[in-house]
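target22.pdb, holding PDB, C-alpha atoms:
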```
MODEL        1
ATOM      1  CA  MET A 300     -19.723  10.589  13.043
ATOM      2  CA  ARG A 301     -17.534  13.647  13.262
ATOM      3  CA  TRP A 302     -16.450  13.216  16.871
ATOM      4  CA  THR A 303     -16.006   9.485  16.288
ATOM      5  CA  TRP A 304     -13.624  10.270  13.449
ATOM      6  CA  TRP A 305     -11.656  12.742  15.563
ATOM      7  CA  THR A 306     -11.506  10.189  18.379
ATOM      8  CA  GLY A 307     -10.121   7.629  15.948
ATOM      9  CA  LEU A 308      -7.508  10.028  14.643
ATOM     10  CA  GLY A 309      -6.609  11.038  18.176
ATOM     11  CA  LEU A 310      -6.178   7.402  19.204
ATOM     12  CA  ALA A 311      -4.028   6.783  16.129
ATOM     13  CA  GLY A 312      -1.849   9.772  16.993
ATOM     14  CA  ALA A 313      -1.612   8.648  20.605
ATOM     15  CA  ALA A 314      -0.541   5.182  19.453
ATOM     16  CA  VAL A 315       2.193   6.682  17.288
ATOM     17  CA  ALA A 316       3.374   8.821  20.216
ATOM     18  CA  LEU A 317       3.321   5.849  22.604
ATOM     19  CA  GLY A 318       5.262   3.733  20.129
ATOM     20  CA  TRP A 319       7.820   6.475  19.711
ATOM     21  CA  TYR A 320       8.109   6.793  23.514
ATOM     22  CA  LEU A 321       8.696   3.041  23.828
ATOM     23  CA  GLY A 322      11.512   3.210  21.302
ATOM     24  CA  GLU A 323       9.667   1.537  18.454
ATOM     25  CA  ALA A 324      10.857   4.109  15.916
ATOM     26  CA  THR A 325      14.454   3.171  16.647
ATOM     27  CA  GLN A 326      13.511  -0.475  16.257
ATOM     28  CA  VAL A 327      11.927   0.374  12.903
ATOM     29  CA  LEU A 328      15.176   2.053  11.863
ATOM     30  CA  MET A 329      17.287  -0.937  12.933
ATOM     31  CA  ASN A 330      15.000  -3.299  11.076
ATOM     32  CA  ALA A 331      14.697  -1.217   7.912
ATOM     33  CA  ALA A 332      18.376  -0.375   7.689
ATOM     34  CA  THR A 333      19.543  -3.989   7.598
ATOM     35  CA  VAL A 334      19.294  -6.303   4.618
ATOM     36  CA  CYS A 335      15.965  -8.158   4.730
ATOM     37  CA  LEU A 336      16.741 -11.665   3.507
ATOM     38  CA  SER A 337      13.051 -12.578   3.719
ATOM     39  CA  CYS A 338      12.197  -9.747   1.317
ATOM     40  CA  MET A 339      14.787 -11.102  -1.097
ATOM     41  CA  GLY A 340      13.292 -14.574  -0.825
ATOM     42  CA  ILE A 341      16.349 -16.186   0.733
ATOM     43  CA  GLY A 342      15.591 -15.797   4.450
TER      44      GLY A 342
ATOM     45  CA  MET B 163      -1.995  15.330 -12.153
ATOM     46  CA  ARG B 164      -2.184  11.953 -10.396
ATOM     47  CA  GLN B 165       0.650  10.583 -12.519
ATOM     48  CA  TRP B 166       2.872  13.460 -11.468
ATOM     49  CA  VAL B 167       2.099  12.820  -7.820
ATOM     50  CA  GLN B 168       2.780   9.096  -8.288
ATOM     51  CA  THR B 169       6.082   9.825 -10.023
ATOM     52  CA  ALA B 170       7.168  12.272  -7.327
ATOM     53  CA  ALA B 171       6.121   9.877  -4.563
ATOM     54  CA  ALA B 172       8.040   6.966  -6.112
ATOM     55  CA  LEU B 173      11.167   9.106  -6.482
ATOM     56  CA  LEU B 174      10.946  10.609  -3.004
ATOM     57  CA  GLN B 175      10.471   7.198  -1.373
ATOM     58  CA  ASN B 176      13.487   5.889  -3.304
ATOM     59  CA  ALA B 177      15.792   8.884  -3.179
ATOM     60  CA  TYR B 178      19.042   7.228  -2.068
ATOM     61  CA  TRP B 179      20.890   7.175  -5.351
ATOM     62  CA  ALA B 180      24.348   6.846  -3.782
ATOM     63  CA  PHE B 181      23.905   3.090  -3.354
ATOM     64  CA  PRO B 182      25.980   2.039  -6.407
ATOM     65  CA  TRP B 183      28.983   3.695  -4.736
ATOM     66  CA  THR B 184      28.286   2.939  -1.067
ATOM     67  CA  ARG B 185      27.111  -0.604  -1.963
ATOM     68  CA  THR B 186      24.769  -0.634   0.995
ATOM     69  CA  LEU B 187      21.246   0.348   2.026
ATOM     70  CA  TYR B 188      20.346   3.810   3.224
ATOM     71  CA  GLN B 189      20.750   3.722   7.011
ATOM     72  CA  GLY B 190      19.913   7.305   7.968
ATOM     73  CA  PRO B 191      17.265   8.599  10.386
ATOM     74  CA  LEU B 192      14.517   8.850   7.749
ATOM     75  CA  LYS B 193      14.104   5.102   8.051
ATOM     76  CA  LYS B 194      12.463   5.671  11.406
ATOM     77  CA  LEU B 195       9.479   6.840   9.356
ATOM     78  CA  CYS B 196       7.064   4.616   7.467
ATOM     79  CA  THR B 197       5.947   5.277   3.921
ATOM     80  CA  PRO B 198       2.205   5.041   3.226
ATOM     81  CA  GLY B 199       2.580   2.739   0.201
ATOM     82  CA  LEU B 200       4.165  -0.626  -0.470
ATOM     83  CA  ASN B 201       7.855   0.126  -0.916
ATOM     84  CA  CYS B 202      10.401  -2.428   0.292
ATOM     85  CA  TYR B 203      12.891  -1.033   2.792
ATOM     86  CA  SER B 204      15.498  -3.384   1.410
ATOM     87  CA  CYS B 205      15.347  -1.621  -1.931
ATOM     88  CA  PRO B 206      18.849  -0.123  -2.197
ATOM     89  CA  ALA B 207      17.346   3.293  -2.955
ATOM     90  CA  ALA B 208      14.608   3.290  -0.278
ATOM     91  CA  VAL B 209      14.784   6.027   2.347
ATOM     92  CA  LEU B 210      11.648   5.127   4.333
ATOM     93  CA  ALA B 211      10.359   1.967   6.024
ATOM     94  CA  CYS B 212       7.653  -0.240   4.515
ATOM     95  CA  PRO B 213       4.638  -0.211   6.885
ATOM     96  CA  LEU B 214       3.691  -3.795   6.073
ATOM     97  CA  GLY B 215       7.172  -5.152   6.717
ATOM     98  CA  THR B 216       7.327  -3.097   9.902
ATOM     99  CA  MET B 217       3.939  -4.378  11.072
ATOM    100  CA  GLN B 218       5.008  -7.996  10.568
ATOM    101  CA  HIS B 219       8.290  -7.326  12.312
ATOM    102  CA  PHE B 220       6.470  -6.158  15.438
ATOM    103  CA  LEU B 221       3.921  -8.972  15.301
ATOM    104  CA  ALA B 222       6.758 -11.477  14.983
ATOM    105  CA  GLY B 223       8.288 -10.038  18.150
ATOM    106  CA  TRP B 224       5.141  -9.859  20.286
ATOM    107  CA  ARG B 225       5.957 -12.840  22.488
ATOM    108  CA  PRO B 226       9.492 -11.697  23.389
ATOM    109  CA  ALA B 227       8.240  -8.111  23.872
ATOM    110  CA  LEU B 228       5.658  -9.317  26.376
ATOM    111  CA  ARG B 229       8.022 -11.768  28.066
ATOM    112  CA  TRP B 230      10.765  -9.198  28.543
ATOM    113  CA  GLY B 231       8.452  -6.328  29.382
ATOM    114  CA  THR B 232       9.545  -3.966  26.596
ATOM    115  CA  TYR B 233       5.926  -3.775  25.342
ATOM    116  CA  ARG B 234       7.079  -2.791  21.876
ATOM    117  CA  LEU B 235       3.965  -4.207  20.268
ATOM    118  CA  GLY B 236       3.829  -1.985  17.190
ATOM    119  CA  PHE B 237       1.755   0.920  18.505
ATOM    120  CA  TYR B 238       3.794   3.140  16.205
ATOM    121  CA  VAL B 239       2.988   1.326  12.977
ATOM    122  CA  PHE B 240      -0.616   0.471  13.871
ATOM    123  CA  GLY B 241      -1.238   4.120  14.732
ATOM    124  CA  PHE B 242       0.400   5.183  11.483
ATOM    125  CA  LEU B 243      -1.739   2.808   9.396
ATOM    126  CA  ALA B 244      -4.903   3.974  11.173
ATOM    127  CA  ALA B 245      -4.009   7.647  10.643
ATOM    128  CA  VAL B 246      -3.282   7.167   6.918
ATOM    129  CA  GLY B 247      -6.498   5.194   6.488
ATOM    130  CA  LEU B 248      -8.629   7.694   8.390
ATOM    131  CA  LEU B 249      -7.241  10.610   6.406
ATOM    132  CA  GLY B 250      -7.384   9.194   2.895
ATOM    133  CA  GLY B 251      -8.590   5.596   2.906
ATOM    134  CA  ARG B 252      -7.007   3.955  -0.127
ATOM    135  CA  ALA B 253      -5.798   7.279  -1.508
ATOM    136  CA  ALA B 254      -2.336   6.098  -0.467
ATOM    137  CA  CYS B 255      -2.802   3.236  -2.950
ATOM    138  CA  GLY B 256      -4.116   5.430  -5.725
ATOM    139  CA  TRP B 257      -1.674   8.287  -5.388
ATOM    140  CA  LEU B 258       1.439   7.263  -3.451
ATOM    141  CA  CYS B 259       2.172   3.545  -3.862
ATOM    142  CA  PRO B 260       5.161   2.881  -6.165
ATOM    143  CA  PHE B 261       4.135  -0.717  -6.847
ATOM    144  CA  GLY B 262       0.658   0.383  -7.879
ATOM    145  CA  PHE B 263       2.230   3.001 -10.127
ATOM    146  CA  LEU B 264       4.413   0.338 -11.737
ATOM    147  CA  GLN B 265       1.363  -1.801 -12.465
ATOM    148  CA  GLU B 266      -0.420   1.164 -14.042
ATOM    149  CA  GLY B 267       2.599   1.706 -16.276
ATOM    150  CA  LEU B 268       2.562  -1.947 -17.346
ATOM    151  CA  HIS B 269      -1.149  -1.690 -18.100
ATOM    152  CA  ARG B 270      -0.350   0.908 -20.776
ATOM    153  CA  ILE B 271       1.394  -1.763 -22.858
ATOM    154  CA  PRO B 272      -0.914  -2.479 -25.803
ATOM    155  CA  SER B 273      -2.537  -5.883 -25.326
ATOM    156  CA  PRO B 274      -5.968  -7.454 -24.864
ATOM    157  CA  LYS B 275      -7.436  -6.245 -21.570
ATOM    158  CA  PHE B 276      -9.461  -8.304 -19.111
ATOM    159  CA  ARG B 277     -11.515  -7.615 -16.010
ATOM    160  CA  VAL B 278     -10.418  -8.910 -12.617
ATOM    161  CA  PRO B 279     -13.217 -11.133 -11.285
ATOM    162  CA  ARG B 280     -14.812  -9.328  -8.381
ATOM    163  CA  PHE B 281     -14.833 -12.324  -6.055
ATOM    164  CA  LEU B 282     -11.011 -12.385  -6.117
ATOM    165  CA  GLY B 283     -11.064  -9.137  -4.119
ATOM    166  CA  GLY B 284     -11.712 -11.150  -0.978
ATOM    167  CA  LEU B 285      -8.325 -12.858  -1.341
ATOM    168  CA  ARG B 286      -6.481  -9.835   0.008
ATOM    169  CA  TYR B 287      -8.194 -10.232   3.386
ATOM    170  CA  ALA B 288      -7.085 -13.858   3.508
ATOM    171  CA  VAL B 289      -3.518 -12.834   2.620
ATOM    172  CA  LEU B 290      -3.647 -10.188   5.366
ATOM    173  CA  ALA B 291      -5.011 -12.612   7.946
ATOM    174  CA  VAL B 292      -2.735 -15.543   7.105
ATOM    175  CA  PHE B 293       0.581 -14.179   5.838
ATOM    176  CA  ALA B 294       0.787 -10.694   7.341
ATOM    177  CA  VAL B 295      -0.766 -11.363  10.773
ATOM    178  CA  GLY B 296      -1.371 -15.033  11.571
ATOM    179  CA  LEU B 297       1.873 -16.717  10.586
ATOM    180  CA  PRO B 298       4.202 -14.000  11.972
ATOM    181  CA  LEU B 299       2.355 -14.238  15.306
ATOM    182  CA  LEU B 300       1.979 -17.998  15.537
ATOM    183  CA  LEU B 301       4.944 -19.635  13.804
ATOM    184  CA  THR B 302       7.691 -18.781  16.228
ATOM    185  CA  GLY B 303      11.137 -20.200  16.740
ATOM    186  CA  PRO B 304      12.734 -21.392  19.997
ATOM    187  CA  MET B 305      13.401 -17.804  21.123
ATOM    188  CA  GLY B 306       9.779 -16.857  20.524
ATOM    189  CA  TYR B 307      10.385 -14.783  17.390
ATOM    190  CA  GLY B 308       8.287 -15.230  14.284
ATOM    191  CA  GLU B 309       9.073 -14.215  10.735
ATOM    192  CA  PRO B 310       7.602 -11.735   8.251
ATOM    193  CA  TRP B 311       5.844 -14.382   6.211
ATOM    194  CA  PHE B 312       4.236 -12.051   3.725
ATOM    195  CA  CYS B 313       7.665 -10.655   2.840
ATOM    196  CA  ARG B 314       9.154 -14.108   2.732
ATOM    197  CA  ALA B 315       6.545 -15.938   0.709
ATOM    198  CA  VAL B 316       4.467 -13.428  -1.222
ATOM    199  CA  CYS B 317       5.562  -9.806  -1.549
ATOM    200  CA  PRO B 318       6.353  -9.154  -5.223
ATOM    201  CA  ALA B 319       7.429  -5.577  -4.462
ATOM    202  CA  GLY B 320      10.095  -6.969  -2.141
ATOM    203  CA  THR B 321      11.271  -9.481  -4.730
ATOM    204  CA  LEU B 322      11.593  -6.723  -7.290
ATOM    205  CA  GLU B 323      13.123  -3.994  -5.142
ATOM    206  CA  ALA B 324      15.250  -5.983  -2.700
ATOM    207  CA  GLY B 325      16.433  -8.012  -5.684
ATOM    208  CA  GLY B 326      18.786  -5.132  -6.436
ATOM    209  CA  LEU B 327      20.889  -6.285  -3.505
ATOM    210  CA  PHE B 328      21.926  -9.384  -5.429
ATOM    211  CA  PHE B 329      23.918  -7.058  -7.666
ATOM    212  CA  LEU B 330      25.386  -5.044  -4.793
ATOM    213  CA  MET B 331      26.190  -8.111  -2.685
ATOM    214  CA  PRO B 332      26.866 -11.003  -5.066
ATOM    215  CA  ALA B 333      27.709 -13.339  -2.165
ATOM    216  CA  LEU B 334      23.990 -13.458  -1.357
ATOM    217  CA  GLN B 335      23.342 -15.261  -4.641
ATOM    218  CA  GLU B 336      24.695 -18.438  -3.064
ATOM    219  CA  GLN B 337      21.691 -18.525  -0.707
ATOM    220  CA  ILE B 338      19.098 -18.629  -3.478
ATOM    221  CA  GLY B 339      16.694 -21.490  -2.874
ATOM    222  CA  LEU B 340      13.115 -22.635  -3.347
ATOM    223  CA  TRP B 341      11.433 -19.619  -1.730
ATOM    224  CA  PHE B 342      13.290 -17.307  -4.092
ATOM    225  CA  TRP B 343      12.019 -19.102  -7.170
ATOM    226  CA  ILE B 344       8.484 -19.205  -5.768
ATOM    227  CA  LYS B 345       8.624 -15.447  -5.256
ATOM    228  CA  ILE B 346      10.108 -14.867  -8.699
ATOM    229  CA  GLY B 347       7.266 -16.891 -10.216
ATOM    230  CA  LEU B 348       4.731 -14.828  -8.276
ATOM    231  CA  LEU B 349       6.389 -11.583  -9.342
ATOM    232  CA  VAL B 350       6.405 -12.569 -12.999
ATOM    233  CA  GLY B 351       2.769 -13.642 -12.725
ATOM    234  CA  VAL B 352       1.695 -10.377 -11.069
ATOM    235  CA  LEU B 353       3.583  -8.189 -13.556
ATOM    236  CA  GLY B 354       2.242 -10.169 -16.507
ATOM    237  CA  TRP B 355      -1.277  -9.966 -15.106
ATOM    238  CA  ALA B 356      -0.847  -6.192 -14.709
ATOM    239  CA  VAL B 357      -0.300  -5.881 -18.460
ATOM    240  CA  VAL B 358      -3.726  -7.323 -19.214
ATOM    241  CA  ALA B 359      -5.672  -6.176 -16.132
ATOM    242  CA  PHE B 360      -5.708  -2.930 -14.164
ATOM    243  CA  ARG B 361      -3.678  -3.181 -10.926
ATOM    244  CA  PRO B 362      -4.544  -6.824 -10.215
ATOM    245  CA  TYR B 363      -2.156  -7.160  -7.276
ATOM    246  CA  CYS B 364      -3.728  -4.191  -5.464
ATOM    247  CA  ARG B 365      -7.187  -5.615  -6.003
ATOM    248  CA  THR B 366      -6.616  -9.229  -5.087
ATOM    249  CA  LEU B 367      -3.511  -9.743  -2.959
ATOM    250  CA  CYS B 368      -2.317  -6.572  -1.246
ATOM    251  CA  PRO B 369      -2.791  -6.708   2.540
ATOM    252  CA  LEU B 370      -1.886  -3.024   2.850
ATOM    253  CA  GLY B 371      -4.714  -2.175   0.482
ATOM    254  CA  ALA B 372      -6.983  -4.413   2.552
ATOM    255  CA  ILE B 373      -6.134  -2.423   5.692
ATOM    256  CA  TYR B 374      -6.653   0.971   4.069
ATOM    257  CA  GLY B 375      -9.737  -0.210   2.202
ATOM    258  CA  MET B 376     -11.470  -1.130   5.452
ATOM    259  CA  MET B 377     -11.197   2.554   6.379
ATOM    260  CA  ASN B 378     -12.534   3.959   3.070
ATOM    261  CA  ARG B 379     -15.923   4.254   4.713
ATOM    262  CA  TRP B 380     -14.621   6.567   7.434
ATOM    263  CA  SER B 381     -11.867   8.422   5.604
ATOM    264  CA  LEU B 382     -11.740  12.205   5.508
ATOM    265  CA  LEU B 383     -11.162  12.199   1.740
ATOM    266  CA  ARG B 384     -14.277  10.830   0.065
ATOM    267  CA  VAL B 385     -16.183  10.709  -3.179
ATOM    268  CA  ASP B 386     -19.506  12.441  -2.651
ATOM    269  CA  HIS B 387     -22.550  11.708  -4.794
ATOM    270  CA  ASP B 388     -25.408  14.191  -5.099
ATOM    271  CA  PRO B 389     -28.406  12.313  -6.564
ATOM    272  CA  ASP B 390     -30.162  15.606  -7.369
ATOM    273  CA  LEU B 391     -27.435  16.501  -9.881
ATOM    274  CA  CYS B 392     -26.988  12.987 -11.283
ATOM    275  CA  THR B 393     -28.418  12.308 -14.750
ATOM    276  CA  GLU B 394     -27.534   8.583 -14.585
ATOM    277  CA  CYS B 395     -25.425   8.964 -17.739
ATOM    278  CA  GLY B 396     -23.120   6.180 -16.555
ATOM    279  CA  ARG B 397     -19.858   7.925 -17.461
ATOM    280  CA  CYS B 398     -18.468   7.357 -13.979
ATOM    281  CA  VAL B 399     -19.039   3.618 -14.357
ATOM    282  CA  GLU B 400     -17.264   3.625 -17.724
ATOM    283  CA  ALA B 401     -14.373   5.643 -16.276
ATOM    284  CA  CYS B 402     -13.847   3.527 -13.141
ATOM    285  CA  ARG B 403     -10.980   1.180 -13.915
ATOM    286  CA  ILE B 404     -11.713  -0.918 -10.866
ATOM    287  CA  GLY B 405     -15.162  -1.678 -12.243
ATOM    288  CA  LEU B 406     -17.202   0.002  -9.514
ATOM    289  CA  ASP B 407     -20.347   2.065  -9.785
ATOM    290  CA  PRO B 408     -19.282   5.240  -7.936
ATOM    291  CA  ARG B 409     -22.904   6.418  -7.730
ATOM    292  CA  ARG B 410     -23.956   3.408  -5.659
ATOM    293  CA  GLU B 411     -20.747   2.437  -3.865
ATOM    294  CA  PRO B 412     -18.429   5.459  -3.468
ATOM    295  CA  ASP B 413     -16.970   4.099  -0.231
ATOM    296  CA  ARG B 414     -16.389   0.526  -1.305
ATOM    297  CA  ALA B 415     -13.158  -0.978   0.064
ATOM    298  CA  SER B 416     -11.760  -1.661  -3.403
ATOM    299  CA  CYS B 417     -12.013   2.027  -4.473
ATOM    300  CA  LEU B 418      -8.461   3.358  -4.876
ATOM    301  CA  ARG B 419      -9.585   6.971  -4.423
ATOM    302  CA  CYS B 420      -8.021   7.898  -7.762
ATOM    303  CA  LEU B 421     -10.923  10.380  -8.063
ATOM    304  CA  THR B 422     -11.182   9.934 -11.835
ATOM    305  CA  CYS B 423     -14.954   9.550 -11.561
ATOM    306  CA  ALA B 424     -15.279  12.807  -9.637
ATOM    307  CA  THR B 425     -12.681  14.962 -11.340
ATOM    308  CA  ARG B 426     -12.805  13.812 -14.967
ATOM    309  CA  ALA B 427     -15.809  11.678 -15.766
ATOM    310  CA  CYS B 428     -18.911  13.207 -14.203
ATOM    311  CA  PRO B 429     -20.285  15.917 -16.531
ATOM    312  CA  THR B 430     -22.754  17.415 -14.058
ATOM    313  CA  GLY B 431     -20.786  17.647 -10.838
ATOM    314  CA  ALA B 432     -22.953  15.037  -9.131
ATOM    315  CA  LEU B 433     -19.770  13.217  -8.143
ATOM    316  CA  THR B 434     -17.099  15.323  -6.501
ATOM    317  CA  ALA B 435     -14.183  14.765  -4.202
ATOM    318  CA  ALA B 436     -15.007  15.813  -0.665
ATOM    319  CA  VAL B 437     -13.040  16.429   2.494
ATOM    320  CA  GLY B 438     -15.345  15.503   5.315
ATOM    321  CA  SER B 439     -18.703  17.066   4.526
ATOM    322  CA  ARG B 440     -17.190  19.772   2.318
ATOM    323  CA  ARG B 441     -17.468  19.134  -1.420
ATOM    324  CA  LEU B 442     -14.437  20.323  -3.365
ATOM    325  CA  GLU B 443     -15.058  22.489  -6.398
ATOM    326  CA  ARG B 444     -13.789  21.051  -9.637
ATOM    327  CA  ARG B 445     -11.127  23.193 -11.325
ATOM    328  CA  THR B 446     -10.928  21.444 -14.682
ATOM    329  CA  PRO B 447     -14.082  21.305 -16.762
ATOM    330  CA  CYS B 448     -15.463  17.907 -17.732
ATOM    331  CA  ALA B 449     -15.726  16.738 -21.295
ATOM    332  CA  PRO B 450     -18.919  17.939 -23.016
ATOM    333  CA  PRO B 451     -21.750  15.416 -22.884
ATOM    334  CA  SER B 452     -21.375  14.395 -26.530
ATOM    335  CA  THR B 453     -17.778  13.182 -26.025
ATOM    336  CA  PRO B 454     -17.433   9.581 -24.896
ATOM    337  CA  ALA B 455     -15.556   9.038 -21.618
ATOM    338  CA  SER B 456     -12.035   7.672 -21.891
TER     339      SER B 456
ENDMDL
END
```

Go through the file and emit its structure as C-alpha cells.
Amino acid sequence: MRWTWWTGLGLAGAAVALGWYLGEATQVLMNAATVCLSCMGIG
Amino acid sequence: MRQWVQTAAALLQNAYWAFPWTRTLYQGPLKKLCTPGLNCYSCPAAVLACPLGTMQHFLAGWRPALRWGTYRLGFYVFGFLAAVGLLGGRAACGWLCPFGFLQEGLHRIPSPKFRVPRFLGGLRYAVLAVFAVGLPLLLTGPMGYGEPWFCRAVCPAGTLEAGGLFFLMPALQEQIGLWFWIKIGLLVGVLGWAVVAFRPYCRTLCPLGAIYGMMNRWSLLRVDHDPDLCTECGRCVEACRIGLDPRREPDRASCLRCLTCATRACPTGALTAAVGSRRLERRTPCAPPSTPAS
C-alpha cells in the first residue's frame, strides 16, 4: 500500500512536470486570463 | 478552525481586488497554477485557474493536440488533480473550496432542514462522465476543438463568479441567451437547496468532488477508527452532516474530510484524523459524554 501510494504520487508529480515541460502551464494561463464566455453562460 | 481556513482560502483564491479599477481579469503568472477547489477563473477577483475548467479545456483540445503533435493533453492538470486527491482526498472540498464554503454559509439561514437522498450521490459521476469529459472530447467543431460543456451548461460557481463580468463589461449583456437563463435557474436552485440541505451541490453534482472522492480510499489524510476504543455511542453519526457512519465507512467517496467526527464528536478517541498510518493526537478535548453532540 505504502509504495503504491508513493508510486501514484510520483506519477502525479511526473505528469505535472511533463505538462509544464510541454508548455501546458502557459496554455493554462492563456485560457484562465481571458474572459470565459462559457462560464458566463453566453458562449 | 475549519471556517477560518475556508475563509482564508476563499480570500486567497480571489485576491485580485483591483478589478473595479482595471475593469479586467487578473492576468498575472499565478494563473499558471490551479486551485484545488471549484473557483471560476473568470471571476474578476480570481488569481488562480479552476482545475475543472482547465481539465475540460485540455480535453476539448485533444484532437488538435494530437493532429499537430504538440501533445498538450493535460498532463499538468491530471497530475495536479491526482496529487491533491492522493494527499487529502476530498479535504480540498471540505477545507478549501469557496463554493462549498458559500453553501455552508447559506445552510446557516434558519429554515426547515432536509436530508439529501443518498442515491443522488451517483449523479456527480454522471455529470463528470457526460459534461466534464464526454461532451468536451466528442462534440467538436470543424477545427476539431470541443467546448467546456460543464462550464457552459451546468457550473453554478461559474455563473455566480463570472457573472461579475457583466458589470465590468456591460456590452456582454447583449449576448445573453437561453443557456444563460438555464444556468441562472440552476444556480438559484442550487443556492436555494443549500439553505435547506447541507452542501447539496457538492454531494450530487460536483464532478471535482467526484474525482477527489474516488481517491478518498487512498489519500494520505484519513479518518482512522479504532474499534477497541469505540463505545458505539453514535455521536459521530449524529455529527456527520453528510449522513455517513464514520465508524463503518470512513473512506467513503462522499466524505468531505471535514474531520468533525474525529476532532469534535468522538468522546473516546476511537475516531481520529490520521496521516498515513500515524494517528494524530487531538488537541481540543471532546464534549463530556453527558452533553449531546451538536

Checklist outcome for this item: Pairwise distance, CA of Met305 in chain B with CA of Gly236 in chain B, equals 18.9 Å

Enumerate, in order of chain and increasing residue number, the residues of chain B with an atom no farther than 7 Å from chain A, each with its shortest atom pair and distance in Å to one decimal, counting only C-alpha atoms, as JSON lines.
```
{"residue": "B:Leu187", "atom": "CA", "partner": "A:Ala332", "partner_atom": "CA", "distance": 6.4}
{"residue": "B:Tyr188", "atom": "CA", "partner": "A:Ala332", "partner_atom": "CA", "distance": 6.4}
{"residue": "B:Gln189", "atom": "CA", "partner": "A:Ala332", "partner_atom": "CA", "distance": 4.8}
{"residue": "B:Lys193", "atom": "CA", "partner": "A:Leu328", "partner_atom": "CA", "distance": 5.0}
{"residue": "B:Lys194", "atom": "CA", "partner": "A:Leu328", "partner_atom": "CA", "distance": 4.5}
{"residue": "B:Tyr203", "atom": "CA", "partner": "A:Ala331", "partner_atom": "CA", "distance": 5.4}
{"residue": "B:Ser204", "atom": "CA", "partner": "A:Val334", "partner_atom": "CA", "distance": 5.8}
{"residue": "B:Ala211", "atom": "CA", "partner": "A:Ala331", "partner_atom": "CA", "distance": 5.7}
{"residue": "B:Thr216", "atom": "CA", "partner": "A:Val327", "partner_atom": "CA", "distance": 6.5}
{"residue": "B:Arg234", "atom": "CA", "partner": "A:Glu323", "partner_atom": "CA", "distance": 6.1}
{"residue": "B:Gly236", "atom": "CA", "partner": "A:Gly318", "partner_atom": "CA", "distance": 6.6}
{"residue": "B:Phe237", "atom": "CA", "partner": "A:Gly318", "partner_atom": "CA", "distance": 4.8}
{"residue": "B:Tyr238", "atom": "CA", "partner": "A:Val315", "partner_atom": "CA", "distance": 4.0}
{"residue": "B:Val239", "atom": "CA", "partner": "A:Val315", "partner_atom": "CA", "distance": 6.9}
{"residue": "B:Gly241", "atom": "CA", "partner": "A:Ala311", "partner_atom": "CA", "distance": 4.1}
{"residue": "B:Phe242", "atom": "CA", "partner": "A:Val315", "partner_atom": "CA", "distance": 6.3}
{"residue": "B:Ala244", "atom": "CA", "partner": "A:Ala311", "partner_atom": "CA", "distance": 5.8}
{"residue": "B:Ala245", "atom": "CA", "partner": "A:Ala311", "partner_atom": "CA", "distance": 5.6}
{"residue": "B:Leu248", "atom": "CA", "partner": "A:Leu308", "partner_atom": "CA", "distance": 6.8}
{"residue": "B:Cys313", "atom": "CA", "partner": "A:Cys338", "partner_atom": "CA", "distance": 4.9}
{"residue": "B:Arg314", "atom": "CA", "partner": "A:Ser337", "partner_atom": "CA", "distance": 4.3}
{"residue": "B:Gly320", "atom": "CA", "partner": "A:Cys338", "partner_atom": "CA", "distance": 4.9}
{"residue": "B:Thr321", "atom": "CA", "partner": "A:Met339", "partner_atom": "CA", "distance": 5.3}
{"residue": "B:Ala324", "atom": "CA", "partner": "A:Met339", "partner_atom": "CA", "distance": 5.4}
{"residue": "B:Gly325", "atom": "CA", "partner": "A:Met339", "partner_atom": "CA", "distance": 5.8}
{"residue": "B:Gln337", "atom": "CA", "partner": "A:Ile341", "partner_atom": "CA", "distance": 6.0}
{"residue": "B:Ile338", "atom": "CA", "partner": "A:Ile341", "partner_atom": "CA", "distance": 5.6}
{"residue": "B:Gly339", "atom": "CA", "partner": "A:Ile341", "partner_atom": "CA", "distance": 6.4}
{"residue": "B:Trp341", "atom": "CA", "partner": "A:Gly340", "partner_atom": "CA", "distance": 5.5}
{"residue": "B:Phe342", "atom": "CA", "partner": "A:Gly340", "partner_atom": "CA", "distance": 4.3}
{"residue": "B:Lys345", "atom": "CA", "partner": "A:Gly340", "partner_atom": "CA", "distance": 6.5}
```

Next on the checklist: Quick check, in Å to one decimal: how far apart do CA of Val316 in chain B and CA of Arg379 in chain B lie?
Outcome noted: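 About the pair CA of Val316 in chain B and CA of Arg379 in chain B: they are 27.6 Å apart.
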
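Computed from the coordinates, the CA of Arg286 in chain B to CA of Met376 in chain B distance equals 11.4 Å.
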
Checklist entry - So which residues get picked by the PyMOL selection byres ((chain B and resi 319) around 7) here, written as a PyMOL selection string? => result chain B and resi 201-202+261+317-318+320-323

Next on the checklist: Translate the PyMOL selection byres ((chain B and resi 223) around 12) into a concrete residue list for this structure, as a PyMOL selection string.
Outcome noted: (chain A and resi 323+326+330) or (chain B and resi 216-222+224-236+295+297-303+305-310)

Checklist entry - Leaving out range 356-368 of chain B and any residue of its chain fewer than 6 positions from it, which residues lie within 9 Å of it when counting only C-alpha atoms, given as an MDAnalysis selection string? => result chainID B and resid 200 255 261:278 280:290 316:318 403:404 416 418

Checklist entry - Counting only C-alpha atoms, what is within 8 Å of Cys259 in chain B, bar same-chain residues fewer than 5 positions away, as a ChimeraX atom specification? => result /B:168,171-172,198-201,254

Could the centre and edge lengths of an axis-aligned box, enclosing all atoms of range 336-341 of chain A in the file with 6 Å extra on each side, be given in Å to one decimal as lines of an AutoDock Vina configuration file?
```
center_x = 14.5
center_y = -13.0
center_z = 1.3
size_x = 16.5
size_y = 18.4
size_z = 16.8
```

Next on the checklist: Measuring between all atoms listed in the file, which one of B:Ala435, B:Val209, B:Cys196, B:Leu330 shows the shortest distance to Val246 in chain B?
Outcome noted: B:Cys196

Item to check | Nearest residue to Thr306 in chain A from the set B:Leu243, B:Met331, B:Thr425, B:Trp380 (distances using only C-alpha atoms) | outcome: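 Ranked by minimum distance to Thr306 in chain A, first place goes to B:Trp380.
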
Item to check | Nearby residues (only C-alpha atoms) at most 7 Å from range 408-412 of chain B, same-chain spacing under 4 positions excluded, as an NGL selection string | outcome: :B and (385 or 387 or 398-399)

Item to check | Residues matched by the PyMOL selection byres ((chain B and resi 396) around 10) as a list in words | outcome: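 Given this file, the PyMOL selection byres ((chain B and resi 396) around 10) evaluates to Cys392, Thr393, Glu394, Cys395, Arg397, Cys398, Val399, Glu400, Ala401, Asp407, Pro408, Arg409, Ala427, Cys428 and Ala455 of chain B.
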